[in-house]
>>> print(open('structure32.pdb').read())   # PDB, C-alpha atoms, pLDDT in the B column
ATOM      1  CA  MET A   1      33.525   2.308  28.823  1.00 48.00           C
ATOM      2  CA  PRO A   2      31.022   0.756  26.379  1.00 52.00           C
ATOM      3  CA  TYR A   3      29.337   3.091  23.908  1.00 49.00           C
ATOM      4  CA  HIS A   4      25.836   2.476  25.284  1.00 50.00           C
ATOM      5  CA  GLU A   5      26.855   3.729  28.734  1.00 55.00           C
ATOM      6  CA  HIS A   6      27.709   7.120  27.221  1.00 56.00           C
ATOM      7  CA  PHE A   7      24.378   7.288  25.402  1.00 52.00           C
ATOM      8  CA  PRO A   8      21.857   5.207  27.362  1.00 60.00           C
ATOM      9  CA  ARG A   9      18.760   6.473  25.513  1.00 69.00           C
ATOM     10  CA  ARG A  10      18.812   6.734  21.769  1.00 87.00           C
ATOM     11  CA  GLY A  11      16.671   9.553  20.492  1.00 96.00           C
ATOM     12  CA  ARG A  12      15.115   9.597  17.080  1.00 98.00           C
ATOM     13  CA  ILE A  13      12.816  11.604  14.833  1.00 98.00           C
ATOM     14  CA  GLU A  14       9.873   9.948  13.094  1.00 98.00           C
ATOM     15  CA  VAL A  15       7.861  11.872  10.506  1.00 98.00           C
ATOM     16  CA  VAL A  16       4.365  10.941   9.356  1.00 98.00           C
ATOM     17  CA  CYS A  17       3.438  12.987   6.287  1.00 98.00           C
ATOM     18  CA  GLY A  18       0.880  13.069   3.511  1.00 97.00           C
ATOM     19  CA  SER A  19      -2.160  14.946   2.233  1.00 95.00           C
ATOM     20  CA  MET A  20      -5.302  16.014   4.032  1.00 91.00           C
ATOM     21  CA  PHE A  21      -7.448  13.044   5.140  1.00 93.00           C
ATOM     22  CA  SER A  22      -4.592  10.534   4.815  1.00 95.00           C
ATOM     23  CA  GLY A  23      -4.504   9.464   8.471  1.00 92.00           C
ATOM     24  CA  LYS A  24      -1.451  11.407   9.681  1.00 94.00           C
ATOM     25  CA  THR A  25      -2.962  12.408  13.015  1.00 91.00           C
ATOM     26  CA  GLU A  26      -4.533   8.976  13.421  1.00 93.00           C
ATOM     27  CA  GLU A  27      -1.061   7.409  13.036  1.00 96.00           C
ATOM     28  CA  LEU A  28       0.459   9.927  15.473  1.00 95.00           C
ATOM     29  CA  ILE A  29      -2.227   9.054  18.043  1.00 92.00           C
ATOM     30  CA  ARG A  30      -1.658   5.314  17.488  1.00 94.00           C
ATOM     31  CA  ARG A  31       2.067   5.684  18.183  1.00 96.00           C
ATOM     32  CA  ILE A  32       1.418   7.867  21.236  1.00 95.00           C
ATOM     33  CA  LYS A  33      -1.024   5.322  22.685  1.00 93.00           C
ATOM     34  CA  ARG A  34       1.556   2.543  22.245  1.00 96.00           C
ATOM     35  CA  ALA A  35       4.177   4.641  24.042  1.00 96.00           C
ATOM     36  CA  ARG A  36       1.768   5.121  26.937  1.00 93.00           C
ATOM     37  CA  ILE A  37       1.120   1.367  27.088  1.00 95.00           C
ATOM     38  CA  ALA A  38       4.902   0.989  27.386  1.00 95.00           C
ATOM     39  CA  GLN A  39       4.776   3.283  30.461  1.00 96.00           C
ATOM     40  CA  GLN A  40       6.687   6.072  28.709  1.00 96.00           C
ATOM     41  CA  GLN A  41       6.192   9.725  29.613  1.00 96.00           C
ATOM     42  CA  VAL A  42       4.513  11.444  26.660  1.00 96.00           C
ATOM     43  CA  LYS A  43       4.033  15.124  25.791  1.00 96.00           C
ATOM     44  CA  ILE A  44       2.070  16.179  22.697  1.00 94.00           C
ATOM     45  CA  PHE A  45       2.100  19.614  21.094  1.00 96.00           C
ATOM     46  CA  LYS A  46      -0.004  21.337  18.475  1.00 92.00           C
ATOM     47  CA  PRO A  47       0.027  24.858  17.043  1.00 90.00           C
ATOM     48  CA  CYS A  48      -2.288  27.130  19.013  1.00 88.00           C
ATOM     49  CA  ILE A  49      -3.873  28.379  15.770  1.00 83.00           C
ATOM     50  CA  ASP A  50      -5.367  24.917  15.121  1.00 74.00           C
ATOM     51  CA  THR A  51      -8.684  25.038  16.974  1.00 63.00           C
ATOM     52  CA  ARG A  52     -10.790  23.133  14.411  1.00 64.00           C
ATOM     53  CA  TYR A  53     -11.892  20.299  16.702  1.00 61.00           C
ATOM     54  CA  SER A  54     -10.493  21.308  20.095  1.00 61.00           C
ATOM     55  CA  ASP A  55      -8.361  23.988  21.696  1.00 60.00           C
ATOM     56  CA  VAL A  56      -6.404  21.521  23.839  1.00 62.00           C
ATOM     57  CA  GLU A  57      -6.593  18.145  22.111  1.00 64.00           C
ATOM     58  CA  VAL A  58      -5.094  16.643  19.002  1.00 67.00           C
ATOM     59  CA  VAL A  59      -8.113  15.225  17.175  1.00 65.00           C
ATOM     60  CA  SER A  60      -8.133  13.094  14.025  1.00 62.00           C
ATOM     61  CA  HIS A  61     -10.815  13.408  11.346  1.00 63.00           C
ATOM     62  CA  ASP A  62     -12.283  10.115  12.615  1.00 69.00           C
ATOM     63  CA  SER A  63     -12.667  11.675  16.099  1.00 61.00           C
ATOM     64  CA  GLN A  64      -9.794   9.964  17.937  1.00 73.00           C
ATOM     65  CA  SER A  65      -8.155  12.355  20.375  1.00 67.00           C
ATOM     66  CA  VAL A  66      -5.347  12.826  22.880  1.00 74.00           C
ATOM     67  CA  ALA A  67      -4.650  15.701  25.246  1.00 75.00           C
ATOM     68  CA  SER A  68      -2.077  18.172  23.954  1.00 84.00           C
ATOM     69  CA  VAL A  69      -0.385  21.441  24.755  1.00 90.00           C
ATOM     70  CA  PRO A  70      -1.062  24.257  22.275  1.00 91.00           C
ATOM     71  CA  VAL A  71       2.042  26.367  21.616  1.00 94.00           C
ATOM     72  CA  ALA A  72       2.675  29.479  19.526  1.00 93.00           C
ATOM     73  CA  SER A  73       6.214  28.543  18.481  1.00 94.00           C
ATOM     74  CA  ALA A  74       8.490  25.536  18.287  1.00 95.00           C
ATOM     75  CA  ALA A  75      10.858  27.022  20.881  1.00 95.00           C
ATOM     76  CA  GLU A  76       8.153  26.745  23.568  1.00 95.00           C
ATOM     77  CA  MET A  77       8.363  22.957  23.354  1.00 95.00           C
ATOM     78  CA  MET A  78      11.893  22.688  24.742  1.00 94.00           C
ATOM     79  CA  SER A  79      11.166  23.422  28.397  1.00 91.00           C
ATOM     80  CA  LEU A  80       7.711  21.836  28.322  1.00 96.00           C
ATOM     81  CA  ALA A  81       9.092  18.519  27.036  1.00 96.00           C
ATOM     82  CA  SER A  82      11.946  18.167  29.519  1.00 93.00           C
ATOM     83  CA  ALA A  83      10.409  15.238  31.437  1.00 94.00           C
ATOM     84  CA  ALA A  84       9.056  13.412  28.379  1.00 96.00           C
ATOM     85  CA  ASP A  85      10.425  10.230  26.847  1.00 97.00           C
ATOM     86  CA  VAL A  86       8.248  10.679  23.753  1.00 97.00           C
ATOM     87  CA  VAL A  87       7.306  14.000  22.168  1.00 98.00           C
ATOM     88  CA  GLY A  88       4.474  14.229  19.639  1.00 97.00           C
ATOM     89  CA  VAL A  89       3.918  17.170  17.302  1.00 97.00           C
ATOM     90  CA  ASP A  90       0.779  17.504  15.184  1.00 94.00           C
ATOM     91  CA  GLU A  91       0.212  19.863  12.235  1.00 93.00           C
ATOM     92  CA  ALA A  92       3.962  20.431  12.029  1.00 96.00           C
ATOM     93  CA  GLN A  93       3.684  22.337   8.742  1.00 95.00           C
ATOM     94  CA  LEU A  94       2.096  25.217  10.687  1.00 94.00           C
ATOM     95  CA  PHE A  95       5.177  25.724  12.872  1.00 94.00           C
ATOM     96  CA  ASP A  96       8.135  27.969  12.159  1.00 93.00           C
ATOM     97  CA  GLU A  97      11.390  26.632  10.688  1.00 94.00           C
ATOM     98  CA  GLY A  98      12.785  26.471  14.236  1.00 96.00           C
ATOM     99  CA  LEU A  99      10.878  23.195  14.625  1.00 97.00           C
ATOM    100  CA  VAL A 100      13.699  21.345  12.868  1.00 98.00           C
ATOM    101  CA  GLU A 101      16.278  22.501  15.421  1.00 98.00           C
ATOM    102  CA  VAL A 102      13.919  21.794  18.331  1.00 98.00           C
ATOM    103  CA  CYS A 103      13.242  18.243  17.084  1.00 98.00           C
ATOM    104  CA  ASN A 104      16.974  17.632  16.620  1.00 98.00           C
ATOM    105  CA  LEU A 105      17.739  18.928  20.121  1.00 97.00           C
ATOM    106  CA  LEU A 106      15.019  16.768  21.667  1.00 97.00           C
ATOM    107  CA  ALA A 107      16.223  13.687  19.776  1.00 97.00           C
ATOM    108  CA  ASN A 108      19.810  14.436  20.843  1.00 96.00           C
ATOM    109  CA  GLN A 109      18.550  14.403  24.454  1.00 96.00           C
ATOM    110  CA  GLY A 110      17.418  10.813  23.894  1.00 96.00           C
ATOM    111  CA  LYS A 111      13.766  11.529  23.206  1.00 97.00           C
ATOM    112  CA  ARG A 112      11.628   9.848  20.562  1.00 98.00           C
ATOM    113  CA  VAL A 113      10.076  12.676  18.539  1.00 98.00           C
ATOM    114  CA  ILE A 114       7.029  11.849  16.400  1.00 98.00           C
ATOM    115  CA  VAL A 115       5.994  14.580  13.986  1.00 98.00           C
ATOM    116  CA  ALA A 116       2.870  14.594  11.795  1.00 97.00           C
ATOM    117  CA  GLY A 117       2.068  17.125   9.089  1.00 96.00           C
ATOM    118  CA  LEU A 118       1.209  17.956   5.517  1.00 95.00           C
ATOM    119  CA  ASP A 119       4.185  17.552   3.230  1.00 96.00           C
ATOM    120  CA  MET A 120       2.654  19.800   0.512  1.00 96.00           C
ATOM    121  CA  ASP A 121       0.389  22.825   0.521  1.00 94.00           C
ATOM    122  CA  PHE A 122      -2.696  23.187  -1.689  1.00 92.00           C
ATOM    123  CA  ARG A 123      -0.490  24.306  -4.597  1.00 92.00           C
ATOM    124  CA  GLY A 124       1.557  21.099  -4.421  1.00 94.00           C
ATOM    125  CA  ASN A 125       4.628  22.866  -2.980  1.00 95.00           C
ATOM    126  CA  PRO A 126       6.675  21.640   0.023  1.00 95.00           C
ATOM    127  CA  PHE A 127       5.075  22.988   3.197  1.00 95.00           C
ATOM    128  CA  GLY A 128       6.865  24.780   6.049  1.00 95.00           C
ATOM    129  CA  PRO A 129       9.511  22.814   7.970  1.00 97.00           C
ATOM    130  CA  MET A 130       8.281  19.433   6.690  1.00 97.00           C
ATOM    131  CA  PRO A 131      10.906  18.907   3.929  1.00 97.00           C
ATOM    132  CA  ALA A 132      13.761  19.607   6.364  1.00 97.00           C
ATOM    133  CA  LEU A 133      12.181  17.348   9.004  1.00 98.00           C
ATOM    134  CA  CYS A 134      11.954  14.539   6.453  1.00 98.00           C
ATOM    135  CA  ALA A 135      15.643  15.057   5.686  1.00 97.00           C
ATOM    136  CA  VAL A 136      16.830  14.751   9.312  1.00 98.00           C
ATOM    137  CA  ALA A 137      14.395  12.031  10.442  1.00 98.00           C
ATOM    138  CA  GLU A 138      15.434   8.440  11.041  1.00 98.00           C
ATOM    139  CA  ASP A 139      12.044   7.276   9.805  1.00 97.00           C
ATOM    140  CA  VAL A 140       9.607   8.858   7.327  1.00 98.00           C
ATOM    141  CA  THR A 141       6.178   7.344   6.744  1.00 98.00           C
ATOM    142  CA  LYS A 142       4.167   8.743   3.846  1.00 97.00           C
ATOM    143  CA  VAL A 143       0.480   7.982   4.198  1.00 97.00           C
ATOM    144  CA  HIS A 144      -2.109   8.422   1.457  1.00 97.00           C
ATOM    145  CA  ALA A 145      -5.756   9.341   1.302  1.00 96.00           C
ATOM    146  CA  VAL A 146      -8.129   8.028  -1.342  1.00 97.00           C
ATOM    147  CA  CYS A 147      -8.797  10.276  -4.346  1.00 97.00           C
ATOM    148  CA  VAL A 148     -12.422  11.375  -4.079  1.00 96.00           C
ATOM    149  CA  ARG A 149     -12.709  11.588  -7.871  1.00 96.00           C
ATOM    150  CA  CYS A 150     -11.276   8.266  -9.079  1.00 97.00           C
ATOM    151  CA  GLY A 151     -10.490   6.121  -6.040  1.00 97.00           C
ATOM    152  CA  GLU A 152      -6.711   5.914  -6.577  1.00 97.00           C
ATOM    153  CA  LEU A 153      -4.149   6.797  -3.893  1.00 97.00           C
ATOM    154  CA  ALA A 154      -4.219  10.539  -3.221  1.00 97.00           C
ATOM    155  CA  GLN A 155      -1.263  12.674  -2.186  1.00 96.00           C
ATOM    156  CA  PHE A 156      -2.546  16.178  -3.017  1.00 96.00           C
ATOM    157  CA  SER A 157      -4.780  18.438  -0.910  1.00 93.00           C
ATOM    158  CA  HIS A 158      -6.980  20.285  -3.404  1.00 92.00           C
ATOM    159  CA  ARG A 159      -8.539  23.449  -2.018  1.00 88.00           C
ATOM    160  CA  LEU A 160     -12.219  23.839  -2.851  1.00 85.00           C
ATOM    161  CA  VAL A 161     -12.656  27.447  -1.731  1.00 78.00           C
ATOM    162  CA  ALA A 162     -11.096  30.662  -2.968  1.00 70.00           C
ATOM    163  CA  GLY A 163      -8.049  32.090  -1.261  1.00 65.00           C
ATOM    164  CA  ASP A 164      -4.337  32.458  -1.874  1.00 70.00           C
ATOM    165  CA  ASN A 165      -3.084  32.207   1.718  1.00 66.00           C
ATOM    166  CA  GLN A 166      -0.926  29.135   2.198  1.00 63.00           C
ATOM    167  CA  VAL A 167      -2.534  28.413   5.570  1.00 58.00           C
ATOM    168  CA  MET A 168      -6.284  27.954   5.586  1.00 59.00           C
ATOM    169  CA  LEU A 169      -7.572  25.568   8.212  1.00 53.00           C
ATOM    170  CA  GLY A 170     -10.444  23.451   7.014  1.00 51.00           C
ATOM    171  CA  GLU A 171     -12.106  20.111   6.611  1.00 56.00           C
ATOM    172  CA  MET A 172     -14.002  18.268   3.840  1.00 56.00           C
ATOM    173  CA  GLN A 173     -15.866  21.397   2.733  1.00 65.00           C
ATOM    174  CA  THR A 174     -12.522  23.218   2.281  1.00 82.00           C
ATOM    175  CA  TYR A 175     -10.214  20.499   0.899  1.00 88.00           C
ATOM    176  CA  GLU A 176     -10.441  17.235  -0.993  1.00 93.00           C
ATOM    177  CA  PRO A 177      -7.730  14.586  -1.444  1.00 95.00           C
ATOM    178  CA  LEU A 178      -6.786  13.951  -5.074  1.00 97.00           C
ATOM    179  CA  CYS A 179      -4.346  11.755  -6.994  1.00 97.00           C
ATOM    180  CA  ARG A 180      -1.816  13.392  -9.312  1.00 97.00           C
ATOM    181  CA  GLN A 181      -3.932  13.060 -12.460  1.00 97.00           C
ATOM    182  CA  CYS A 182      -7.136  14.419 -10.903  1.00 96.00           C
ATOM    183  CA  TYR A 183      -5.211  17.217  -9.181  1.00 96.00           C
ATOM    184  CA  ASP A 184      -3.535  18.221 -12.463  1.00 95.00           C
ATOM    185  CA  HIS A 185      -6.914  18.124 -14.229  1.00 94.00           C
ATOM    186  CA  CYS A 186      -8.457  20.429 -11.592  1.00 90.00           C
ATOM    187  CA  CYS A 187      -5.530  22.835 -11.871  1.00 87.00           C
ATOM    188  CA  GLU A 188      -5.886  22.942 -15.667  1.00 88.00           C
ATOM    189  CA  GLN A 189      -9.629  23.567 -15.367  1.00 83.00           C
ATOM    190  CA  ALA A 190      -9.024  26.410 -12.913  1.00 78.00           C
ATOM    191  CA  LYS A 191      -6.590  28.062 -15.342  1.00 78.00           C
ATOM    192  CA  LYS A 192      -9.251  28.021 -18.087  1.00 79.00           C
ATOM    193  CA  GLU A 193     -11.876  29.693 -15.888  1.00 72.00           C
TER     194      GLU A 193
END
>>> encode(input="structure32.pdb", output="structure tokens")
Amino acid sequence: MPYHEHFPRRGRIEVVCGSMFSGKTEELIRRIKRARIAQQQVKIFKPCIDTRYSDVEVVSHDSQSVASVPVASAAEMMSLASAADVVGVDEAQLFDEGLVEVCNLLANQGKRVIVAGLDMDFRGNPFGPMPALCAVAEDVTKVHAVCVRCGELAQFSHRLVAGDNQVMLGEMQTYEPLCRQCYDHCCEQAKKE
């Protein structure tokens, strides 16, 4: 029996990562819309703690949106995604480490899994399950914002407000995208103060 008859649908994991304001959610929405045009069944998830723009929609900073299902843990996605051909996950860095196993299981079931999230926290450290997702994904797309200080490509999310918690939901008044040099300069300035 030919190989393709054993595995008729080939699942895959696609990761879209980068800093705040780099277009991660916008790219996730673009891919989801294309899947819908192709008549594929789509299910999108987001962490229930992310209520910045909407409780039940994934919304980009430029106000594009798609309906989603808020979940408290990655494990909840398994049964909810059973009928989907394509599974989208936004703000993946906010999920538990179990997200990696869930994405692998969904891809092994023949589903296309598209994951978007911050690859680094405000300290410049790898964030949540994102490094492991990048490792197991078939495709990783790193998107960049524009540094608000010098105009170069930005890959760091510089926090503008006080707080040591790794997770602090916010927008332009809370974070700014910076390139490596501007980010390092801000960190050095903060140490001197």
>>> resolve_selection(input="structure32.pdb", expression="the PyMOL selection byres ((chain A and resi 19-28) around 6)", output="PyMOL selection string")
chain A and resi 16+18+29-31+60+116+118+143-145+155-157
>>> write_last_selection(input="structure32.pdb", atoms="C-alpha atoms", output="short mmCIF file (atom, residue, chain, number, x, y, z; two decimals), keeping the file's coordinate frame")
data_model
loop_
_atom_site.label_atom_id
_atom_site.label_comp_id
_atom_site.auth_asym_id
_atom_site.auth_seq_id
_atom_site.Cartn_x
_atom_site.Cartn_y
_atom_site.Cartn_z
CA VAL A 16 4.36 10.94 9.36
CA GLY A 18 0.88 13.07 3.51
CA ILE A 29 -2.23 9.05 18.04
CA ARG A 30 -1.66 5.31 17.49
CA ARG A 31 2.07 5.68 18.18
CA SER A 60 -8.13 13.09 14.02
CA ALA A 116 2.87 14.59 11.80
CA LEU A 118 1.21 17.96 5.52
CA VAL A 143 0.48 7.98 4.20
CA HIS A 144 -2.11 8.42 1.46
CA ALA A 145 -5.76 9.34 1.30
CA GLN A 155 -1.26 12.67 -2.19
CA PHE A 156 -2.55 16.18 -3.02
CA SER A 157 -4.78 18.44 -0.91
#
>>> closest_residue(input="structure32.pdb", among="A:Met120, A:Leu133, A:Ile44, A:Val140", to="Pro177 (chain A)", atoms="all atoms listed in the file")
A:Met120
>>> resolve_selection(input="structure32.pdb", expression="the PyMOL selection byres ((chain A and resi 80) around 10)", output="list in words")
Lys43, Ile44, Phe45, Val69, Val71, Ala75, Glu76, Met77, Met78, Ser79, Ala81, Ser82, Ala83, Ala84 and Val87 of chain A
>>> resolve_selection(input="structure32.pdb", expression="the PyMOL selection byres ((chain A and resi 92) around 12)", output="PDB file with C-alpha atoms, in the coordinates of the input")
ATOM      1  CA  VAL A  15       7.861  11.872  10.506  1.00 98.00           C
ATOM      2  CA  VAL A  16       4.365  10.941   9.356  1.00 98.00           C
ATOM      3  CA  CYS A  17       3.438  12.987   6.287  1.00 98.00           C
ATOM      4  CA  GLY A  18       0.880  13.069   3.511  1.00 97.00           C
ATOM      5  CA  LYS A  24      -1.451  11.407   9.681  1.00 94.00           C
ATOM      6  CA  THR A  25      -2.962  12.408  13.015  1.00 91.00           C
ATOM      7  CA  LEU A  28       0.459   9.927  15.473  1.00 95.00           C
ATOM      8  CA  ILE A  44       2.070  16.179  22.697  1.00 94.00           C
ATOM      9  CA  PHE A  45       2.100  19.614  21.094  1.00 96.00           C
ATOM     10  CA  LYS A  46      -0.004  21.337  18.475  1.00 92.00           C
ATOM     11  CA  PRO A  47       0.027  24.858  17.043  1.00 90.00           C
ATOM     12  CA  CYS A  48      -2.288  27.130  19.013  1.00 88.00           C
ATOM     13  CA  ILE A  49      -3.873  28.379  15.770  1.00 83.00           C
ATOM     14  CA  ASP A  50      -5.367  24.917  15.121  1.00 74.00           C
ATOM     15  CA  VAL A  71       2.042  26.367  21.616  1.00 94.00           C
ATOM     16  CA  ALA A  72       2.675  29.479  19.526  1.00 93.00           C
ATOM     17  CA  SER A  73       6.214  28.543  18.481  1.00 94.00           C
ATOM     18  CA  ALA A  74       8.490  25.536  18.287  1.00 95.00           C
ATOM     19  CA  GLY A  88       4.474  14.229  19.639  1.00 97.00           C
ATOM     20  CA  VAL A  89       3.918  17.170  17.302  1.00 97.00           C
ATOM     21  CA  ASP A  90       0.779  17.504  15.184  1.00 94.00           C
ATOM     22  CA  GLU A  91       0.212  19.863  12.235  1.00 93.00           C
ATOM     23  CA  GLN A  93       3.684  22.337   8.742  1.00 95.00           C
ATOM     24  CA  LEU A  94       2.096  25.217  10.687  1.00 94.00           C
ATOM     25  CA  PHE A  95       5.177  25.724  12.872  1.00 94.00           C
ATOM     26  CA  ASP A  96       8.135  27.969  12.159  1.00 93.00           C
ATOM     27  CA  GLU A  97      11.390  26.632  10.688  1.00 94.00           C
ATOM     28  CA  GLY A  98      12.785  26.471  14.236  1.00 96.00           C
ATOM     29  CA  LEU A  99      10.878  23.195  14.625  1.00 97.00           C
ATOM     30  CA  VAL A 100      13.699  21.345  12.868  1.00 98.00           C
ATOM     31  CA  VAL A 102      13.919  21.794  18.331  1.00 98.00           C
ATOM     32  CA  CYS A 103      13.242  18.243  17.084  1.00 98.00           C
ATOM     33  CA  VAL A 113      10.076  12.676  18.539  1.00 98.00           C
ATOM     34  CA  ILE A 114       7.029  11.849  16.400  1.00 98.00           C
ATOM     35  CA  VAL A 115       5.994  14.580  13.986  1.00 98.00           C
ATOM     36  CA  ALA A 116       2.870  14.594  11.795  1.00 97.00           C
ATOM     37  CA  GLY A 117       2.068  17.125   9.089  1.00 96.00           C
ATOM     38  CA  LEU A 118       1.209  17.956   5.517  1.00 95.00           C
ATOM     39  CA  ASP A 119       4.185  17.552   3.230  1.00 96.00           C
ATOM     40  CA  MET A 120       2.654  19.800   0.512  1.00 96.00           C
ATOM     41  CA  PHE A 127       5.075  22.988   3.197  1.00 95.00           C
ATOM     42  CA  GLY A 128       6.865  24.780   6.049  1.00 95.00           C
ATOM     43  CA  PRO A 129       9.511  22.814   7.970  1.00 97.00           C
ATOM     44  CA  MET A 130       8.281  19.433   6.690  1.00 97.00           C
ATOM     45  CA  PRO A 131      10.906  18.907   3.929  1.00 97.00           C
ATOM     46  CA  ALA A 132      13.761  19.607   6.364  1.00 97.00           C
ATOM     47  CA  LEU A 133      12.181  17.348   9.004  1.00 98.00           C
ATOM     48  CA  CYS A 134      11.954  14.539   6.453  1.00 98.00           C
TER      49      CYS A 134
END
>>> closest_residue(input="structure32.pdb", among="A:Arg123, A:Ile13, A:Pro70, A:Val148", to="Val86 (chain A)", atoms="all atoms listed in the file")
A:Ile13
>>> closest_residue(input="structure32.pdb", among="A:Cys179, A:Leu105, A:Glu138, A:Gln189", to="Gly151 (chain A)", atoms="only C-alpha atoms")
A:Cys179
>>> axis_aligned_box(input="structure32.pdb", around="region 9-28 of chain A", padding_each_side="3 Å", output="AutoDock Vina command-line options")
--center_x 5.7 --center_y 11.2 --center_z 13.9 --size_x 32.3 --size_y 15.5 --size_z 29.3
>>> atom_distance(input="structure32.pdb", atom1="CA of Cys147 (chain A)", atom2="CA of Arg180 (chain A)")
9.1 Å
>>> atom_distance(input="structure32.pdb", atom1="CA of Arg10 (chain A)", atom2="CA of Arg34 (chain A)")
17.8 Å
>>> atom_distance(input="structure32.pdb", atom1="CA of Cys182 (chain A)", atom2="CA of Leu160 (chain A)")
13.4 Å
>>> residues_near_point(input="structure32.pdb", point="(11.4, 10.9, 22.1)", cutoff="7 Å", atoms="all atoms listed in the file", output="PDB file with C-alpha atoms, in the coordinates of the input")
ATOM      1  CA  GLY A  11      16.671   9.553  20.492  1.00 96.00           C
ATOM      2  CA  ARG A  12      15.115   9.597  17.080  1.00 98.00           C
ATOM      3  CA  ASP A  85      10.425  10.230  26.847  1.00 97.00           C
ATOM      4  CA  VAL A  86       8.248  10.679  23.753  1.00 97.00           C
ATOM      5  CA  VAL A  87       7.306  14.000  22.168  1.00 98.00           C
ATOM      6  CA  LEU A 106      15.019  16.768  21.667  1.00 97.00           C
ATOM      7  CA  ALA A 107      16.223  13.687  19.776  1.00 97.00           C
ATOM      8  CA  GLY A 110      17.418  10.813  23.894  1.00 96.00           C
ATOM      9  CA  LYS A 111      13.766  11.529  23.206  1.00 97.00           C
ATOM     10  CA  ARG A 112      11.628   9.848  20.562  1.00 98.00           C
ATOM     11  CA  VAL A 113      10.076  12.676  18.539  1.00 98.00           C
TER      12      VAL A 113
END
>>> closest_residue(input="structure32.pdb", among="A:Ala38, A:Lys192, A:Asp121, A:Gln181", to="Arg159 (chain A)", atoms="all atoms listed in the file")
A:Asp121
>>> decode(input="structure32.pdb", residues="region 108-148 of chain A", atoms="C-alpha atoms", output="compact mmCIF listing (two decimals), in the first residue's frame")
# COMPACT_ATOMS: atom_id res chain seq x y z
CA ASN A 108 0.36 13.96 14.28
CA GLN A 109 -3.42 13.77 13.72
CA GLY A 110 -2.88 15.50 10.38
CA LYS A 111 -3.77 19.01 11.46
CA ARG A 112 -1.98 22.18 10.42
CA VAL A 113 -1.10 23.99 13.66
CA ILE A 114 -0.23 27.69 13.43
CA VAL A 115 1.21 29.18 16.60
CA ALA A 116 1.99 32.87 17.22
CA GLY A 117 3.81 34.28 20.23
CA LEU A 118 6.63 36.29 21.72
CA ASP A 119 9.93 34.46 21.49
CA MET A 120 11.52 36.59 24.28
CA ASP A 121 10.23 38.26 27.41
CA PHE A 122 11.00 41.87 28.37
CA ARG A 123 14.37 40.78 29.81
CA GLY A 124 15.42 39.26 26.48
CA ASN A 125 15.07 35.67 27.74
CA PRO A 126 13.29 32.83 25.87
CA PHE A 127 9.60 32.93 26.77
CA GLY A 128 7.47 29.99 27.92
CA PRO A 129 7.00 27.10 25.46
CA MET A 130 8.12 29.16 22.45
CA PRO A 131 11.73 27.85 22.21
CA ALA A 132 10.54 24.23 22.28
CA LEU A 133 7.80 24.99 19.72
CA CYS A 134 10.41 26.53 17.41
CA ALA A 135 12.48 23.36 17.78
CA VAL A 136 9.67 20.96 16.78
CA ALA A 137 8.05 23.13 14.09
CA GLU A 138 8.37 22.43 10.38
CA ASP A 139 8.32 26.16 9.70
CA VAL A 140 9.43 29.11 11.85
CA THR A 141 8.82 32.68 10.72
CA LYS A 142 10.50 35.42 12.73
CA VAL A 143 8.84 38.78 12.19
CA HIS A 144 10.27 42.12 13.28
CA ALA A 145 8.87 45.40 14.48
CA VAL A 146 10.53 48.74 13.81
CA CYS A 147 12.72 50.18 16.59
CA VAL A 148 10.92 53.26 17.88
